[in-house]
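Trainee: Have a look at this one.
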Amino acid sequence: VDFEDVLERALDRGCRIGQSGTSGNMGPFAYLQTEFHPGTVVELSKLTDARRHVFEGVAAAAVNWDGGDPVRTDWSV
């Protein structure tokens with residue numbers, strides 16, 4: 001899936017960019033404000049290898065989380 005194509009389609013459908021940029025080696029991102037669903041912000045980002053690594057770490061940390069202690073300091077889980 002092409003990031004730029006998806007972003008263009010979202011803008012064509014009425015989303016507005018609230019913030020966008022590039023986060024170092026993780027690549028481009030955009031936070032989209034959606035007028036058709038007030039109060040909702042959608043994060044759109046290019047799934048680079050670096051970003052995939054971060055998302056996999058978040059998913060792994062969530063596997064056995066019981067909902068307690070929401071402040072995580074050990075990301076090596």
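Residue names in the structure tokens use chain letters A, B, ... in the order shown, residue numbers from 1 in each chain, and ligand numbers from 1 in the order shown.
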I want to know what sits within 9 Å of Val1 (chain A), based on only C-alpha atoms, with residues of the same chain fewer than 4 positions away left out; could you give that as a list in words?
Mentor: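 The residues that qualify are Asp5, Val6 and Lys46 of chain A.
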Trainee: Output as a list in words all residues of region 34-65 of chain A that backbone DSSP marks as strand (DSSP E or B).
Mentor: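 Matching residues for strand (DSSP E or B) in region 34-65 of chain A are Thr34, Val41, Val42, Glu43, Leu44 and Ser45 of chain A.
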Trainee: With only C-alpha atoms as the basis for distance, which of A:Gly68, A:Thr40, A:Ala61, A:Leu32 is at the shortest distance from Glu8 (chain A)?
Mentor: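 Ranked by minimum distance to Glu8 (chain A), first place goes to A:Leu32.
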Trainee: Distance CA of Phe3 (chain A)-CA of Met26 (chain A), one decimal place?
Mentor: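 Between these atoms lies a distance of 12.8 Å.
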Trainee: Could you give me the residues within chain A that DSSP places in alpha helix (DSSP H), as a VMD selection string?
Mentor: chain A and resid 3 to 12 49 to 62
Trainee: Since we have the selection now, will you write its residues out, keeping N, CA and C atoms, as an mmCIF file, in the first residue's frame?
Mentor:
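out06.cif was written with the following content:
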data_model
loop_
_atom_site.group_PDB
_atom_site.id
_atom_site.type_symbol
_atom_site.label_atom_id
_atom_site.label_comp_id
_atom_site.auth_asym_id
_atom_site.auth_seq_id
_atom_site.Cartn_x
_atom_site.Cartn_y
_atom_site.Cartn_z
ATOM 1 N N PHE A 3 1.745 4.956 0.785
ATOM 2 C CA PHE A 3 1.378 5.992 1.761
ATOM 3 C C PHE A 3 0.789 7.220 1.076
ATOM 4 N N GLU A 4 1.473 7.722 0.061
ATOM 5 C CA GLU A 4 1.028 8.947 -0.602
ATOM 6 C C GLU A 4 -0.345 8.764 -1.260
ATOM 7 N N ASP A 5 -0.572 7.596 -1.847
ATOM 8 C CA ASP A 5 -1.859 7.317 -2.483
ATOM 9 C C ASP A 5 -2.982 7.276 -1.450
ATOM 10 N N VAL A 6 -2.740 6.612 -0.331
ATOM 11 C CA VAL A 6 -3.762 6.523 0.717
ATOM 12 C C VAL A 6 -4.040 7.909 1.299
ATOM 13 N N LEU A 7 -3.001 8.695 1.511
ATOM 14 C CA LEU A 7 -3.185 10.057 2.028
ATOM 15 C C LEU A 7 -4.023 10.886 1.053
ATOM 16 N N GLU A 8 -3.716 10.809 -0.207
ATOM 17 C CA GLU A 8 -4.468 11.569 -1.222
ATOM 18 C C GLU A 8 -5.938 11.152 -1.244
ATOM 19 N N ARG A 9 -6.196 9.860 -1.156
ATOM 20 C CA ARG A 9 -7.588 9.385 -1.144
ATOM 21 C C ARG A 9 -8.320 9.876 0.097
ATOM 22 N N ALA A 10 -7.649 9.887 1.248
ATOM 23 C CA ALA A 10 -8.278 10.377 2.478
ATOM 24 C C ALA A 10 -8.618 11.856 2.357
ATOM 25 N N LEU A 11 -7.701 12.636 1.788
ATOM 26 C CA LEU A 11 -7.958 14.072 1.606
ATOM 27 C C LEU A 11 -9.100 14.302 0.621
ATOM 28 N N ASP A 12 -9.161 13.487 -0.420
ATOM 29 C CA ASP A 12 -10.257 13.591 -1.395
ATOM 30 C C ASP A 12 -11.610 13.290 -0.766
ATOM 31 N N ASP A 49 10.579 -0.310 7.794
ATOM 32 C CA ASP A 49 11.112 -1.361 8.665
ATOM 33 C C ASP A 49 11.257 -0.860 10.104
ATOM 34 N N ALA A 50 11.709 0.382 10.267
ATOM 35 C CA ALA A 50 11.879 0.940 11.611
ATOM 36 C C ALA A 50 10.537 1.067 12.328
ATOM 37 N N ARG A 51 9.513 1.538 11.640
ATOM 38 C CA ARG A 51 8.198 1.690 12.265
ATOM 39 C C ARG A 51 7.594 0.321 12.558
ATOM 40 N N ARG A 52 7.770 -0.636 11.670
ATOM 41 C CA ARG A 52 7.278 -1.989 11.893
ATOM 42 C C ARG A 52 7.898 -2.568 13.175
ATOM 43 N N HIS A 53 9.183 -2.308 13.380
ATOM 44 C CA HIS A 53 9.873 -2.783 14.578
ATOM 45 C C HIS A 53 9.226 -2.199 15.846
ATOM 46 N N VAL A 54 8.911 -0.921 15.827
ATOM 47 C CA VAL A 54 8.260 -0.276 16.970
ATOM 48 C C VAL A 54 6.882 -0.883 17.214
ATOM 49 N N PHE A 55 6.085 -1.038 16.159
ATOM 50 C CA PHE A 55 4.739 -1.610 16.307
ATOM 51 C C PHE A 55 4.786 -3.042 16.814
ATOM 52 N N GLU A 56 5.762 -3.824 16.347
ATOM 53 C CA GLU A 56 5.907 -5.192 16.834
ATOM 54 C C GLU A 56 6.258 -5.204 18.319
ATOM 55 N N GLY A 57 7.070 -4.234 18.765
ATOM 56 C CA GLY A 57 7.406 -4.124 20.182
ATOM 57 C C GLY A 57 6.193 -3.770 21.027
ATOM 58 N N VAL A 58 5.361 -2.873 20.534
ATOM 59 C CA VAL A 58 4.136 -2.499 21.250
ATOM 60 C C VAL A 58 3.201 -3.704 21.341
ATOM 61 N N ALA A 59 3.049 -4.427 20.243
ATOM 62 C CA ALA A 59 2.184 -5.609 20.236
ATOM 63 C C ALA A 59 2.706 -6.666 21.207
ATOM 64 N N ALA A 60 4.003 -6.894 21.233
ATOM 65 C CA ALA A 60 4.585 -7.888 22.136
ATOM 66 C C ALA A 60 4.387 -7.489 23.590
ATOM 67 N N ALA A 61 4.517 -6.193 23.892
ATOM 68 C CA ALA A 61 4.339 -5.724 25.269
ATOM 69 C C ALA A 61 2.892 -5.861 25.720
ATOM 70 N N ALA A 62 1.955 -5.848 24.778
ATOM 71 C CA ALA A 62 0.533 -5.913 25.116
ATOM 72 C C ALA A 62 0.024 -7.332 25.318
#
Trainee: If we count only C-alpha atoms, what is near Ser45 (chain A) at a cut-off of 8 Å, once residues fewer than 2 positions away on the same chain are taken out, given as JSON, numbers by chain?
Mentor: {"A": [3, 27, 28, 29, 30, 43, 47]}
Trainee: Would you put the residues from that selection into a file with N, CA and C atoms, as a short mmCIF file (atom, residue, chain, number, x, y, z; two decimals), in the first residue's frame?
Mentor:
data_model
loop_
_atom_site.label_atom_id
_atom_site.label_comp_id
_atom_site.auth_asym_id
_atom_site.auth_seq_id
_atom_site.Cartn_x
_atom_site.Cartn_y
_atom_site.Cartn_z
N PHE A 3 1.74 4.96 0.78
CA PHE A 3 1.38 5.99 1.76
C PHE A 3 0.79 7.22 1.08
N GLY A 27 10.11 7.44 8.74
CA GLY A 27 9.38 7.85 7.55
C GLY A 27 8.24 8.81 7.81
N PRO A 28 7.46 9.09 6.76
CA PRO A 28 6.41 10.09 6.83
C PRO A 28 5.19 9.62 7.63
N PHE A 29 4.48 10.62 8.17
CA PHE A 29 3.24 10.37 8.91
C PHE A 29 2.31 11.56 8.72
N ALA A 30 1.05 11.34 8.99
CA ALA A 30 0.07 12.43 8.99
C ALA A 30 -1.02 12.09 10.00
N GLU A 43 -4.22 8.34 12.61
CA GLU A 43 -2.80 8.41 12.29
C GLU A 43 -2.54 7.56 11.05
N LEU A 47 4.69 2.38 6.57
CA LEU A 47 5.17 1.25 7.36
C LEU A 47 6.58 0.88 6.91
#
Trainee: Find the spatial neighbours of Thr34 (chain A), counting only C-alpha atoms, within a cut-off of 8 Å - ignore same-chain residues fewer than 5 positions away - and output them as an NGL selection string.
Mentor: :A and (14-16 or 39-42)
Trainee: Save the residues we just selected, all heavy atoms, as a PDB file, in the first residue's frame?
Mentor:
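Writing done, so here's again.pdb:
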ATOM      1  N   GLY A  14     -12.475  14.133   2.307  1.00  0.00           N
ATOM      2  CA  GLY A  14     -12.857  15.119   3.295  1.00  0.00           C
ATOM      3  C   GLY A  14     -12.020  15.177   4.550  1.00  0.00           C
ATOM      4  O   GLY A  14     -12.274  15.996   5.426  1.00  0.00           O
ATOM      5  N   CYS A  15     -11.024  14.319   4.691  1.00  0.00           N
ATOM      6  CA  CYS A  15     -10.136  14.418   5.848  1.00  0.00           C
ATOM      7  C   CYS A  15      -9.239  15.635   5.680  1.00  0.00           C
ATOM      8  O   CYS A  15      -8.957  16.057   4.564  1.00  0.00           O
ATOM      9  CB  CYS A  15      -9.268  13.159   5.971  1.00  0.00           C
ATOM     10  SG  CYS A  15     -10.178  11.669   6.383  1.00  0.00           S
ATOM     11  N   ARG A  16      -8.821  16.195   6.803  1.00  0.00           N
ATOM     12  CA  ARG A  16      -7.884  17.321   6.782  1.00  0.00           C
ATOM     13  C   ARG A  16      -6.646  16.927   7.564  1.00  0.00           C
ATOM     14  O   ARG A  16      -6.737  16.217   8.563  1.00  0.00           O
ATOM     15  CB  ARG A  16      -8.495  18.562   7.427  1.00  0.00           C
ATOM     16  CG  ARG A  16      -9.643  19.156   6.635  1.00  0.00           C
ATOM     17  CD  ARG A  16     -10.208  20.409   7.293  1.00  0.00           C
ATOM     18  NE  ARG A  16     -10.654  20.149   8.660  1.00  0.00           N
ATOM     19  CZ  ARG A  16     -10.204  20.781   9.749  1.00  0.00           C
ATOM     20  NH1 ARG A  16      -9.294  21.712   9.656  1.00  0.00           N
ATOM     21  NH2 ARG A  16     -10.674  20.488  10.939  1.00  0.00           N
ATOM     22  N   GLY A  39     -14.087  14.657  16.696  1.00  0.00           N
ATOM     23  CA  GLY A  39     -13.309  14.208  17.839  1.00  0.00           C
ATOM     24  C   GLY A  39     -12.369  13.055  17.530  1.00  0.00           C
ATOM     25  O   GLY A  39     -11.612  12.617  18.387  1.00  0.00           O
ATOM     26  N   THR A  40     -12.413  12.566  16.302  1.00  0.00           N
ATOM     27  CA  THR A  40     -11.565  11.446  15.916  1.00  0.00           C
ATOM     28  C   THR A  40     -10.352  11.944  15.145  1.00  0.00           C
ATOM     29  O   THR A  40     -10.461  12.783  14.263  1.00  0.00           O
ATOM     30  CB  THR A  40     -12.342  10.459  15.021  1.00  0.00           C
ATOM     31  OG1 THR A  40     -13.464   9.981  15.748  1.00  0.00           O
ATOM     32  CG2 THR A  40     -11.480   9.293  14.598  1.00  0.00           C
ATOM     33  N   VAL A  41      -9.193  11.421  15.495  1.00  0.00           N
ATOM     34  CA  VAL A  41      -7.970  11.697  14.765  1.00  0.00           C
ATOM     35  C   VAL A  41      -7.427  10.354  14.289  1.00  0.00           C
ATOM     36  O   VAL A  41      -7.343   9.404  15.053  1.00  0.00           O
ATOM     37  CB  VAL A  41      -6.928  12.414  15.645  1.00  0.00           C
ATOM     38  CG1 VAL A  41      -5.617  12.587  14.909  1.00  0.00           C
ATOM     39  CG2 VAL A  41      -7.460  13.754  16.111  1.00  0.00           C
ATOM     40  N   VAL A  42      -7.067  10.279  13.027  1.00  0.00           N
ATOM     41  CA  VAL A  42      -6.530   9.058  12.450  1.00  0.00           C
ATOM     42  C   VAL A  42      -5.051   9.278  12.162  1.00  0.00           C
ATOM     43  O   VAL A  42      -4.675  10.286  11.565  1.00  0.00           O
ATOM     44  CB  VAL A  42      -7.264   8.705  11.134  1.00  0.00           C
ATOM     45  CG1 VAL A  42      -6.615   7.506  10.452  1.00  0.00           C
ATOM     46  CG2 VAL A  42      -8.741   8.457  11.402  1.00  0.00           C
TER      47      VAL A  42
END
Trainee: One number please: CA of Gln19 (chain A) to CA of Gln33 (chain A), in Å, one decimal.
Mentor: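 CA of Gln33 (chain A) lies at a distance of 9.0 Å from CA of Gln19 (chain A).
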Trainee: So the first atom is CA of Thr48 (chain A) and the second is CA of Asn64 (chain A); what is the distance between them in Å, to one decimal place?
Mentor: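 One can read the CA of Thr48 (chain A) to CA of Asn64 (chain A) distance as 26.0 Å.
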